[in-house]
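Structure file target.txt; described as compact mmCIF, C-alpha atoms.
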```txt
# COMPACT_ATOMS: atom_id res chain seq x y z
CA ARG O 1 213.73 122.76 109.28
CA ASN O 2 212.17 120.96 106.38
CA ALA O 3 212.29 117.27 107.13
CA ASN O 4 211.80 114.92 104.19
CA THR O 5 210.04 112.17 106.01
CA SER O 6 207.75 110.11 103.92
CA VAL O 7 205.19 107.73 105.24
CA ALA O 8 204.60 104.64 103.14
CA ALA O 9 201.01 104.03 102.19
CA PRO O 10 199.53 100.80 103.50
CA PRO O 11 199.47 98.01 100.91
CA ALA O 12 196.28 97.64 98.93
CA PRO O 13 194.15 94.66 99.94
CA PRO O 14 194.30 91.77 97.48
CA PRO O 15 191.33 91.43 95.12
CA GLN O 16 188.65 89.04 96.25
CA ASP O 17 187.39 86.05 94.35
CA PRO O 18 184.03 86.80 92.67
CA PRO O 19 182.29 83.99 94.62
CA GLN O 20 183.40 85.60 97.89
CA ILE O 21 181.93 89.05 97.14
CA SER O 22 178.44 89.43 98.56
CA GLY O 23 176.07 90.75 95.89
CA ASN O 24 178.11 89.28 93.03
CA VAL O 25 176.16 86.90 90.79
CA TYR O 26 178.77 84.21 91.49
CA HIS O 27 178.50 84.61 95.28
CA VAL O 28 177.81 81.36 97.11
CA HIS O 29 176.63 81.82 100.67
CA PRO O 30 177.91 79.29 103.24
CA SER O 31 174.35 78.09 103.76
CA ASP O 32 173.94 77.34 100.03
CA GLY O 33 174.31 73.68 99.29
CA PRO O 34 172.63 70.73 97.61
CA SER O 35 170.03 70.47 100.35
CA SER O 36 169.38 74.21 100.75
CA VAL O 37 166.67 74.23 98.07
CA SER O 38 163.73 72.08 99.08
CA ILE O 39 161.11 71.63 96.37
CA THR O 40 157.66 70.26 96.93
CA PRO O 41 156.16 68.48 95.15
CA VAL O 42 158.84 65.98 94.24
CA LEU O 43 159.17 65.56 90.47
CA THR O 44 157.10 62.72 89.04
CA HIS O 45 155.94 61.76 85.55
CA SER O 46 152.77 63.81 85.81
CA ASN O 47 153.69 67.04 87.65
CA TYR O 48 156.54 68.58 85.65
CA HIS O 49 154.94 72.03 85.24
CA THR O 50 154.15 72.41 88.94
CA TRP O 51 157.62 71.16 89.89
CA ALA O 52 159.35 73.45 87.34
CA ARG O 53 157.48 76.50 88.66
CA SER O 54 158.52 75.62 92.24
CA MET O 55 162.12 75.08 91.14
CA CYS O 56 162.22 78.44 89.32
CA ARG O 57 160.93 80.22 92.41
CA ALA O 58 163.41 78.48 94.72
CA LEU O 59 166.41 79.18 92.47
CA GLY O 60 165.23 82.73 91.85
CA GLY O 61 165.07 83.33 95.58
CA LYS O 62 168.74 82.36 95.82
CA ASN O 63 169.69 84.42 92.72
CA LYS O 64 170.78 81.26 90.91
CA PHE O 65 168.09 80.88 88.25
CA ASP O 66 170.11 82.89 85.72
CA PHE O 67 172.69 80.07 85.68
CA VAL O 68 170.01 77.54 84.79
CA ASP O 69 168.42 79.50 81.95
CA GLY O 70 171.81 80.50 80.47
CA THR O 71 171.59 84.25 81.14
CA ILE O 72 174.83 84.10 83.14
CA ARG O 73 177.70 82.09 81.77
CA PHE O 74 179.98 80.51 84.37
CA GLN O 75 183.46 81.91 83.84
CA LEU O 76 185.60 79.22 85.44
CA ARG O 77 188.84 80.34 83.78
CA SER O 78 188.46 83.88 85.11
CA ILE O 79 187.70 82.66 88.63
CA LEU O 80 190.63 80.23 88.65
CA ALA O 81 192.99 82.92 87.34
CA THR O 82 191.89 85.28 90.11
CA ARG O 83 192.42 82.61 92.75
CA ARG O 84 195.84 81.75 91.36
CA LYS O 85 196.82 85.42 91.43
CA ASN O 86 195.58 85.79 95.01
CA ILE O 87 197.71 82.88 96.14
CA PHE O 88 200.83 84.72 95.05
CA VAL O 89 199.71 88.16 96.29
CA ARG O 90 198.78 87.04 99.82
CA ARG O 91 201.54 86.27 102.25
```
For the structure just supplied, provide its representation as structure tokens.
Amino acid sequence: RNANTSVAAPPAPPPQDPPQISGNVYHVHPSDGPSSVSITPVLTHSNYHTWARSMCRALGGKNKFDFVDGTIRFQLRSILATRRKNIFVRR
């Protein structure tokens, strides 16, 4: 006998938000926060260059410096659209 039994493929997982994908430039790790970058020395009137170099290193270590210098543009509309779509796709 030739049985026509078809097995349905499992549903595709919903797309993830860019900030949730590890390795994505928009990824924010749970440990990232306002106090996660500690810069010494504290900025004063006379130590801007030393402070700026420390800040660049700290942000670069977290892969966030490209936001500061304008290399990466924050695409809020795209992220919000993806989240909105995920709300309706997930059950």
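Each of O:Asp32, O:Ala81, O:Val37, O:Thr44 was compared to Pro15 (chain O) using only C-alpha atoms, and O:Ala81 turns out to be the nearest.
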query: Separation of CA of Ser36 (chain O) and CA of Lys62 (chain O), in Å?
result: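 Separating CA of Ser36 (chain O) from CA of Lys62 (chain O) is a distance of 9.5 Å.
Pairwise distance (CA of Val28 (chain O), CA of Thr50 (chain O)) equals 26.6 Å.
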field: Atom-to-atom span, CA of Tyr26 (chain O) and CA of Pro14 (chain O), Å
entry: 18.3 Å
- prompt: Can you list, as a list in words, every protein, DNA or RNA residue that comes within 7 Å of region 51-56 of chain O when you count only C-alpha atoms, leaving out same-chain residues fewer than 5 positions away?
  reply: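 My list of contacting residues is Ile39, Pro41, Val42, Leu43 and Phe65 of chain O.
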